[in-house]
file coords_32.cif (mmCIF, C-alpha atoms)
data_my_file
#
loop_
_atom_site.label_atom_id
_atom_site.label_comp_id
_atom_site.auth_asym_id
_atom_site.auth_seq_id
_atom_site.Cartn_x
_atom_site.Cartn_y
_atom_site.Cartn_z
CA SER A 1 53.62 -7.78 -5.41
CA LEU A 2 54.89 -5.61 -8.27
CA GLY A 3 56.69 -7.69 -10.86
CA ALA A 4 55.29 -10.98 -9.63
CA THR A 5 53.25 -13.31 -11.78
CA TRP A 6 49.98 -14.18 -10.10
CA LEU A 7 47.92 -17.29 -10.74
CA SER A 8 44.76 -18.88 -9.34
CA SER A 9 44.39 -22.65 -9.45
CA MET A 10 40.58 -22.33 -9.56
CA PRO A 11 39.51 -19.20 -11.46
CA GLY A 12 35.88 -20.30 -11.08
CA VAL A 13 36.29 -19.95 -7.31
CA ALA A 14 38.70 -17.01 -7.04
CA THR A 15 40.54 -14.81 -9.48
CA VAL A 16 43.68 -12.78 -8.84
CA SER A 17 44.79 -9.62 -10.61
CA ASN A 18 48.31 -8.82 -11.77
CA THR A 19 48.73 -6.76 -8.61
CA GLY A 20 47.68 -9.59 -6.29
CA LEU A 21 44.08 -8.55 -5.65
CA VAL A 22 41.99 -11.68 -5.03
CA ARG A 23 38.28 -11.69 -5.86
CA GLY A 24 35.91 -14.41 -4.69
CA ILE A 25 33.70 -15.77 -7.48
CA ASP A 26 32.05 -18.84 -5.93
CA THR A 27 32.22 -20.82 -2.74
CA GLY A 28 35.12 -23.23 -2.45
CA SER A 29 38.94 -23.34 -2.18
CA ALA A 30 41.57 -22.05 -4.57
CA GLY A 31 45.34 -21.84 -4.50
CA VAL A 32 46.75 -18.41 -5.25
CA SER A 33 50.40 -18.34 -6.21
CA ALA A 34 52.93 -15.63 -6.90
CA THR A 35 56.09 -16.23 -8.88
CA PHE A 36 59.00 -13.80 -8.79
CA ASP A 37 62.58 -14.24 -9.86
CA GLY A 38 62.07 -17.99 -10.16
CA GLN A 39 60.60 -18.34 -6.68
CA THR A 40 56.95 -19.34 -6.16
CA ALA A 41 54.80 -18.99 -3.06
CA THR A 42 51.24 -20.32 -2.76
CA ALA A 43 48.40 -19.45 -0.39
CA LEU A 44 45.13 -21.30 0.05
CA VAL A 45 42.09 -19.04 -0.31
CA GLN A 46 38.74 -20.15 1.11
CA VAL A 47 35.73 -18.42 -0.43
CA THR A 48 32.67 -18.56 1.81
CA PRO A 49 29.11 -17.44 1.00
CA ALA A 50 28.37 -13.75 1.56
CA THR A 51 26.50 -13.20 4.80
CA LEU A 52 23.28 -11.28 5.22
CA VAL A 53 24.07 -7.91 6.83
CA SER A 54 20.66 -6.23 6.93
CA ILE A 55 17.13 -6.34 5.55
CA ALA A 56 14.68 -3.58 4.70
CA LEU A 57 10.91 -3.64 4.21
CA SER A 58 8.99 -1.80 1.54
CA PRO A 59 6.82 0.15 1.08
CA ALA A 60 8.33 2.56 3.59
CA ASN A 61 5.19 4.68 4.09
CA PRO A 62 2.07 2.65 3.26
CA ASN A 63 -1.22 4.49 2.78
CA LEU A 64 -4.03 1.96 3.03
CA HIS A 65 -7.80 1.98 3.45
CA THR A 66 -9.94 -0.85 4.70
CA GLY A 67 -10.86 -3.35 2.01
CA THR A 68 -7.58 -2.93 0.09
CA TRP A 69 -4.36 -4.98 -0.16
CA GLN A 70 -0.63 -4.34 -0.40
CA GLN A 71 2.28 -6.51 -1.52
CA TRP A 72 5.23 -6.16 0.86
CA HIS A 73 8.85 -6.86 -0.09
CA VAL A 74 12.11 -7.53 1.74
CA LEU A 75 15.45 -6.45 0.27
CA GLY A 76 18.54 -8.07 1.80
CA THR A 77 22.00 -6.48 1.77
CA PHE A 78 24.96 -8.88 1.96
CA SER A 79 28.56 -8.62 3.11
CA ASP A 80 29.75 -8.38 -0.50
CA ALA A 81 27.54 -5.25 -0.92
CA LYS A 82 25.14 -7.09 -3.22
CA THR A 83 21.39 -6.92 -2.66
CA LYS A 84 18.71 -9.53 -3.20
CA ASP A 85 14.92 -9.66 -3.05
CA MET A 86 14.20 -12.02 -0.16
CA THR A 87 10.42 -11.68 -0.05
CA ALA A 88 9.87 -15.39 -0.72
CA GLN A 89 12.18 -16.40 2.16
CA THR A 90 10.58 -14.04 4.67
CA THR A 91 8.43 -15.00 7.64
CA TRP A 92 5.76 -12.31 7.91
CA GLN A 93 3.84 -11.05 10.93
CA SER A 94 1.14 -8.48 11.63
CA SER A 95 0.96 -6.86 15.07
CA ASP A 96 -2.86 -6.96 14.90
CA ALA A 97 -4.41 -9.57 12.63
CA THR A 98 -7.88 -8.05 13.17
CA VAL A 99 -6.69 -4.89 11.40
CA VAL A 100 -4.33 -6.38 8.79
CA SER A 101 -3.68 -10.01 7.92
CA ILE A 102 -0.56 -10.91 5.93
CA SER A 103 0.01 -14.04 3.88
CA THR A 104 3.13 -16.18 3.68
CA THR A 105 4.01 -14.40 0.43
CA GLY A 106 3.80 -10.91 1.95
CA ILE A 107 0.37 -9.83 0.73
CA ALA A 108 -1.34 -7.73 3.41
CA SER A 109 -5.14 -7.50 3.43
CA THR A 110 -6.74 -4.66 5.40
CA LEU A 111 -9.71 -5.71 7.50
CA ALA A 112 -10.51 -2.79 9.80
CA ALA A 113 -9.44 0.74 10.64
CA GLY A 114 -6.69 1.01 13.24
CA THR A 115 -2.94 1.11 13.90
CA VAL A 116 -0.79 -1.84 12.89
CA GLN A 117 2.82 -2.85 12.28
CA ILE A 118 4.19 -5.30 9.72
CA SER A 119 7.44 -7.17 10.35
CA GLY A 120 9.49 -9.63 8.31
CA THR A 121 12.19 -12.06 9.48
CA VAL A 122 14.89 -13.64 7.30
CA ASN A 123 17.86 -15.69 8.57
CA GLY A 124 17.40 -14.38 12.08
CA GLN A 125 17.18 -10.73 10.99
CA THR A 126 13.94 -8.82 11.54
CA ALA A 127 12.80 -5.53 10.03
CA SER A 128 9.64 -3.65 10.96
CA SER A 129 7.51 -1.13 9.13
CA GLY A 130 6.81 0.85 12.29
CA ASP A 131 3.24 1.80 13.19
CA PHE A 132 0.97 3.00 10.38
CA GLU A 133 -2.73 3.79 10.15
CA ILE A 134 -5.38 1.89 8.26
CA THR A 135 -8.04 4.47 7.51
CA PRO A 136 -11.71 3.81 6.85
CA ALA A 137 -12.54 2.69 3.32
CA MET A 138 -12.58 5.38 0.66
CA LEU A 139 -15.97 6.67 -0.37
CA LEU A 140 -16.50 5.90 -4.06
CA ALA A 141 -20.00 7.11 -4.84
CA ILE A 142 -23.22 8.53 -3.38
CA ALA A 143 -26.71 7.65 -4.56
CA ILE A 144 -29.72 9.84 -3.74
CA THR A 145 -33.23 8.48 -3.38
CA PRO A 146 -35.90 9.05 -4.50
CA MET A 147 -34.49 9.88 -7.93
CA THR A 148 -37.33 11.76 -9.68
CA PRO A 149 -40.00 12.60 -7.10
CA THR A 150 -42.98 14.88 -7.66
CA MET A 151 -43.96 17.26 -4.86
CA ALA A 152 -47.02 19.41 -4.36
CA LEU A 153 -46.63 23.03 -3.33
CA GLY A 154 -46.09 23.36 0.40
CA SER A 155 -45.20 19.69 0.87
CA THR A 156 -42.02 18.08 2.16
CA GLN A 157 -39.93 15.18 0.89
CA GLN A 158 -37.27 13.24 2.78
CA PHE A 159 -34.22 12.35 0.67
CA THR A 160 -31.66 9.67 1.50
CA ALA A 161 -27.97 9.64 0.54
CA ILE A 162 -26.35 6.19 0.49
CA GLY A 163 -22.56 6.00 0.19
CA THR A 164 -20.71 3.08 -1.39
CA TYR A 165 -17.16 2.43 -0.19
CA ALA A 166 -14.07 0.77 -1.66
CA ASP A 167 -14.52 -2.30 0.53
CA GLY A 168 -18.00 -2.88 -0.89
CA SER A 169 -19.85 -1.62 2.19
CA THR A 170 -22.62 0.99 2.17
CA GLN A 171 -23.62 3.63 4.70
CA ASP A 172 -26.53 6.04 5.13
CA LEU A 173 -24.94 9.50 4.86
CA SER A 174 -28.17 11.49 5.01
CA THR A 175 -27.33 13.26 8.27
CA MET A 176 -23.62 13.69 7.41
CA ALA A 177 -23.83 14.94 3.83
CA VAL A 178 -24.05 18.57 2.81
CA TRP A 179 -27.34 19.00 0.96
CA SER A 180 -28.10 21.69 -1.61
CA SER A 181 -30.86 22.79 -3.94
CA SER A 182 -30.21 24.22 -7.40
CA ASP A 183 -33.00 26.78 -6.84
CA PRO A 184 -33.97 27.51 -3.20
CA GLN A 185 -36.98 29.52 -4.42
CA ILE A 186 -38.49 26.35 -5.81
CA ALA A 187 -37.38 24.06 -2.98
CA THR A 188 -35.10 24.24 0.02
CA ILE A 189 -33.44 21.29 1.74
CA ASP A 190 -32.22 21.08 5.33
CA ARG A 191 -29.08 19.52 6.75
CA ASN A 192 -30.80 16.14 7.19
CA GLY A 193 -32.02 15.85 3.59
CA LYS A 194 -35.61 17.02 4.11
CA ALA A 195 -36.86 19.19 1.22
CA GLN A 196 -39.59 21.86 1.44
CA SER A 197 -41.31 22.98 -1.79
CA GLY A 198 -41.76 26.72 -2.35
CA SER A 199 -43.00 27.29 -5.88
CA ALA A 200 -43.82 25.32 -9.01
CA GLY A 201 -40.95 24.26 -11.21
CA SER A 202 -38.08 21.83 -11.51
CA VAL A 203 -35.14 21.70 -9.12
CA GLN A 204 -32.16 19.47 -8.64
CA ILE A 205 -31.15 18.14 -5.23
CA SER A 206 -27.51 17.21 -4.56
CA ALA A 207 -25.53 15.79 -1.64
CA THR A 208 -21.78 16.01 -0.95
CA ALA A 209 -19.64 13.99 1.46
CA SER A 210 -15.86 13.40 1.57
CA GLY A 211 -15.43 15.32 -1.68
CA ILE A 212 -17.95 13.14 -3.56
CA THR A 213 -21.08 14.81 -4.94
CA ALA A 214 -24.26 13.13 -6.13
CA SER A 215 -26.76 15.26 -8.00
CA GLY A 216 -29.03 12.74 -9.65
CA SER A 217 -32.38 13.69 -8.12
CA THR A 218 -34.57 16.05 -10.16
CA VAL A 219 -37.73 17.17 -8.34
CA GLN A 220 -40.87 18.41 -10.04
CA ILE A 221 -42.92 20.82 -7.96
CA ILE A 222 -46.53 20.99 -9.15
CA ALA A 223 -49.17 23.53 -8.16
CA GLY A 224 -52.10 21.11 -8.06
CA PRO A 225 -52.71 17.81 -6.28
#

call {"tool": "encode", "arguments": {"input": "coords_32.cif", "output": "structure tokens"}}
result
Amino acid sequence: SLGATWLSSMPGVATVSNTGLVRGIDTGSAGVSATFDGQTATALVQVTPATLVSIALSPANPNLHTGTWQQWHVLGTFSDAKTKDMTAQTTWQSSDATVVSISTTGIASTLAAGTVQISGTVNGQTASSGDFEITPAMLLAIAITPMTPTMALGSTQQFTAIGTYADGSTQDLSTMAVWSSSDPQIATIDRNGKAQSGSAGSVQISATASGITASGSTVQIIAGP
């Protein structure tokens, strides 16, 4: 090939370098010729579309709670080493639609705690996320009631801790929370949220669960009725 003059009849379809290296540009046919010492030889080059070699799903390691959503993507790798986002061409499937449902555009909505697998299919190729866990909804806040009670000496008061979660649900956490009193000499509180007054004064009651602490209840202990 050294010394030859190379030429492509359709540079928009295929180009050829001065060393005879042909590069496909677009689908179609092109004649590639080499001229040397007054002699010319021509070859017909057929450029076909690059074929899909593999697909990959993302995210690779999803971390989802109930009541949340996640956009999934598919990246295709082709025979010409190029990559392309093929999310819009993907057929999506959830292994358990009661745990996670997934739309035709790849948006997964978490419905319940459990184990699930997401898969996507493009041009006969399927990729799977593998099994991953949907955990219970994240606890966002705790509210204590009653907020500002007044207690007589020697009396008891039952407190309630209500948790609000990321999926909008609520749960009574009174028997699961860790209760505390800012001054046990004024009032103590047991593991179920029941306070016992000890002396007159003001004390703050707090409750903690899943790393969230609520301390909005200030109790007044009075000596008289």

call {"tool": "closest_atom_pairs", "arguments": {"input": "coords_32.cif", "of": "region 68-128 of chain A", "to": "region 53-60 of chain A", "cutoff": "10 Å", "atoms": "all atoms listed in the file", "output": "tab-separated table"}}
result
residue	atom	partner	partner_atom	distance
A:Gln70	CA	A:Pro59	CA	8.8
A:Gln71	CA	A:Pro59	CA	8.5
A:Trp72	CA	A:Ser58	CA	5.8
A:His73	CA	A:Ser58	CA	5.3
A:Val74	CA	A:Leu57	CA	4.8
A:Leu75	CA	A:Ala56	CA	5.3
A:Gly76	CA	A:Ile55	CA	4.4
A:Thr77	CA	A:Ser54	CA	5.3
A:Phe78	CA	A:Val53	CA	5.0
A:Ser79	CA	A:Val53	CA	5.9
A:Asp80	CA	A:Val53	CA	9.3
A:Ala81	CA	A:Val53	CA	8.9
A:Thr83	CA	A:Ile55	CA	9.3
A:Lys84	CA	A:Ile55	CA	9.4
A:Asp85	CA	A:Ile55	CA	9.5
A:Met86	CA	A:Ile55	CA	8.6
A:Thr87	CA	A:Leu57	CA	9.1
A:Ile118	CA	A:Leu57	CA	8.8
A:Ser119	CA	A:Leu57	CA	7.9
A:Gly120	CA	A:Leu57	CA	7.4
A:Thr121	CA	A:Ile55	CA	8.5
A:Val122	CA	A:Ile55	CA	7.8
A:Asn123	CA	A:Ile55	CA	9.9
A:Gln125	CA	A:Ser54	CA	7.0
A:Thr126	CA	A:Ile55	CA	7.2
A:Ala127	CA	A:Ala56	CA	6.0
A:Ser128	CA	A:Leu57	CA	6.9

call {"tool": "resolve_selection", "arguments": {"input": "coords_32.cif", "expression": "the PyMOL selection byres ((chain A and resi 183) around 12)", "output": "list in words"}}
result
Ser180, Ser181, Ser182, Pro184, Gln185, Ile186, Ala187, Thr188, Ile189, Ala195, Gln196, Ser197, Gly198, Ser199, Ala200, Gly201, Ser202, Val203, Gln204, Ile205, Ser206, Thr218, Val219, Gln220 and Ile221 of chain A

call {"tool": "write_last_selection", "arguments": {"input": "coords_32.cif", "atoms": "C-alpha atoms", "output": "PDB file, in the frame of the given file"}}
result
ATOM      1  CA  SER A 180     -28.100  21.690  -1.610  1.00  0.00           C
ATOM      2  CA  SER A 181     -30.860  22.790  -3.940  1.00  0.00           C
ATOM      3  CA  SER A 182     -30.210  24.220  -7.400  1.00  0.00           C
ATOM      4  CA  PRO A 184     -33.970  27.510  -3.200  1.00  0.00           C
ATOM      5  CA  GLN A 185     -36.980  29.520  -4.420  1.00  0.00           C
ATOM      6  CA  ILE A 186     -38.490  26.350  -5.810  1.00  0.00           C
ATOM      7  CA  ALA A 187     -37.380  24.060  -2.980  1.00  0.00           C
ATOM      8  CA  THR A 188     -35.100  24.240   0.020  1.00  0.00           C
ATOM      9  CA  ILE A 189     -33.440  21.290   1.740  1.00  0.00           C
ATOM     10  CA  ALA A 195     -36.860  19.190   1.220  1.00  0.00           C
ATOM     11  CA  GLN A 196     -39.590  21.860   1.440  1.00  0.00           C
ATOM     12  CA  SER A 197     -41.310  22.980  -1.790  1.00  0.00           C
ATOM     13  CA  GLY A 198     -41.760  26.720  -2.350  1.00  0.00           C
ATOM     14  CA  SER A 199     -43.000  27.290  -5.880  1.00  0.00           C
ATOM     15  CA  ALA A 200     -43.820  25.320  -9.010  1.00  0.00           C
ATOM     16  CA  GLY A 201     -40.950  24.260 -11.210  1.00  0.00           C
ATOM     17  CA  SER A 202     -38.080  21.830 -11.510  1.00  0.00           C
ATOM     18  CA  VAL A 203     -35.140  21.700  -9.120  1.00  0.00           C
ATOM     19  CA  GLN A 204     -32.160  19.470  -8.640  1.00  0.00           C
ATOM     20  CA  ILE A 205     -31.150  18.140  -5.230  1.00  0.00           C
ATOM     21  CA  SER A 206     -27.510  17.210  -4.560  1.00  0.00           C
ATOM     22  CA  THR A 218     -34.570  16.050 -10.160  1.00  0.00           C
ATOM     23  CA  VAL A 219     -37.730  17.170  -8.340  1.00  0.00           C
ATOM     24  CA  GLN A 220     -40.870  18.410 -10.040  1.00  0.00           C
ATOM     25  CA  ILE A 221     -42.920  20.820  -7.960  1.00  0.00           C
TER      26      ILE A 221
END

call {"tool": "closest_residue", "arguments": {"input": "coords_32.cif", "among": "A:Asp26, A:Asp37, A:Asp96, A:Asp172", "to": "Thr5 (chain A)", "atoms": "all atoms listed in the file"}}
result
A:Asp37

call {"tool": "resolve_selection", "arguments": {"input": "coords_32.cif", "expression": "the PyMOL selection byres ((chain A and resi 64) around 6)", "output": "list in words"}}
result
Asn63, His65 and Ile134 of chain A

call {"tool": "resolve_selection", "arguments": {"input": "coords_32.cif", "expression": "the PyMOL selection byres ((chain A and resi 178) around 8)", "output": "MDAnalysis selection string"}}
result
chainID A and resid 176:177 179:180 191 207:209

call {"tool": "axis_aligned_box", "arguments": {"input": "coords_32.cif", "around": "region 21-27 of chain A", "padding_each_side": "3 Å", "output": "JSON"}}
result
{"center_x": 38.1, "center_y": -14.7, "center_z": -5.1, "size_x": 18.0, "size_y": 18.3, "size_z": 10.7}

call {"tool": "atom_distance", "arguments": {"input": "coords_32.cif", "atom1": "CA of Thr156 (chain A)", "atom2": "CA of Leu173 (chain A)"}}
result
19.3 Å

call {"tool": "residues_around", "arguments": {"input": "coords_32.cif", "residues": "Thr110 (chain A)", "least_positions_apart": "3", "cutoff": "12 Å", "atoms": "only C-alpha atoms", "output": "VMD selection string"}}
result
chain A and resid 62 to 71 94 96 to 103 107 113 to 118 132 to 137 166 to 167

call {"tool": "write_last_selection", "arguments": {"input": "coords_32.cif", "atoms": "C-alpha atoms", "output": "short mmCIF file (atom, residue, chain, number, x, y, z; two decimals), keeping the file's coordinate frame"}}
result
data_model
loop_
_atom_site.label_atom_id
_atom_site.label_comp_id
_atom_site.auth_asym_id
_atom_site.auth_seq_id
_atom_site.Cartn_x
_atom_site.Cartn_y
_atom_site.Cartn_z
CA PRO A 62 2.07 2.65 3.26
CA ASN A 63 -1.22 4.49 2.78
CA LEU A 64 -4.03 1.96 3.03
CA HIS A 65 -7.80 1.98 3.45
CA THR A 66 -9.94 -0.85 4.70
CA GLY A 67 -10.86 -3.35 2.01
CA THR A 68 -7.58 -2.93 0.09
CA TRP A 69 -4.36 -4.98 -0.16
CA GLN A 70 -0.63 -4.34 -0.40
CA GLN A 71 2.28 -6.51 -1.52
CA SER A 94 1.14 -8.48 11.63
CA ASP A 96 -2.86 -6.96 14.90
CA ALA A 97 -4.41 -9.57 12.63
CA THR A 98 -7.88 -8.05 13.17
CA VAL A 99 -6.69 -4.89 11.40
CA VAL A 100 -4.33 -6.38 8.79
CA SER A 101 -3.68 -10.01 7.92
CA ILE A 102 -0.56 -10.91 5.93
CA SER A 103 0.01 -14.04 3.88
CA ILE A 107 0.37 -9.83 0.73
CA ALA A 113 -9.44 0.74 10.64
CA GLY A 114 -6.69 1.01 13.24
CA THR A 115 -2.94 1.11 13.90
CA VAL A 116 -0.79 -1.84 12.89
CA GLN A 117 2.82 -2.85 12.28
CA ILE A 118 4.19 -5.30 9.72
CA PHE A 132 0.97 3.00 10.38
CA GLU A 133 -2.73 3.79 10.15
CA ILE A 134 -5.38 1.89 8.26
CA THR A 135 -8.04 4.47 7.51
CA PRO A 136 -11.71 3.81 6.85
CA ALA A 137 -12.54 2.69 3.32
CA ALA A 166 -14.07 0.77 -1.66
CA ASP A 167 -14.52 -2.30 0.53
#

call {"tool": "closest_residue", "arguments": {"input": "coords_32.cif", "among": "A:Gly124, A:Pro146, A:Pro49, A:Gly168", "to": "Lys194 (chain A)", "atoms": "all atoms listed in the file"}}
result
A:Pro146

call {"tool": "atom_distance", "arguments": {"input": "coords_32.cif", "atom1": "CA of Gly211 (chain A)", "atom2": "CA of Phe159 (chain A)"}}
result
19.2 Å

call {"tool": "closest_residue", "arguments": {"input": "coords_32.cif", "among": "A:Ala30, A:Ala214, A:Ile162, A:Leu111", "to": "Gln46 (chain A)", "atoms": "only C-alpha atoms"}}
result
A:Ala30

call {"tool": "atom_distance", "arguments": {"input": "coords_32.cif", "atom1": "CA of Met10 (chain A)", "atom2": "CA of Thr35 (chain A)"}}
result
16.7 Å

call {"tool": "residues_around", "arguments": {"input": "coords_32.cif", "residues": "Leu7 (chain A)", "least_positions_apart": "6", "cutoff": "7 Å", "atoms": "only C-alpha atoms", "output": "list in words"}}
result
Val16, Val32, Ser33 and Ala34 of chain A

call {"tool": "residues_around", "arguments": {"input": "coords_32.cif", "residues": "Gly12 (chain A)", "least_positions_apart": "2", "cutoff": "12 Å", "atoms": "all atoms listed in the file", "output": "NGL selection string"}}
result
:A and (8-10 or 14-16 or 23-31 or 47)

call {"tool": "write_last_selection", "arguments": {"input": "coords_32.cif", "atoms": "C-alpha atoms", "output": "CSV table (one decimal), in the coordinates of the input"}}
result
chain,number,residue,atom,x,y,z
A,8,SER,CA,44.8,-18.9,-9.3
A,9,SER,CA,44.4,-22.6,-9.4
A,10,MET,CA,40.6,-22.3,-9.6
A,14,ALA,CA,38.7,-17.0,-7.0
A,15,THR,CA,40.5,-14.8,-9.5
A,16,VAL,CA,43.7,-12.8,-8.8
A,23,ARG,CA,38.3,-11.7,-5.9
A,24,GLY,CA,35.9,-14.4,-4.7
A,25,ILE,CA,33.7,-15.8,-7.5
A,26,ASP,CA,32.0,-18.8,-5.9
A,27,THR,CA,32.2,-20.8,-2.7
A,28,GLY,CA,35.1,-23.2,-2.4
A,29,SER,CA,38.9,-23.3,-2.2
A,30,ALA,CA,41.6,-22.0,-4.6
A,31,GLY,CA,45.3,-21.8,-4.5
A,47,VAL,CA,35.7,-18.4,-0.4
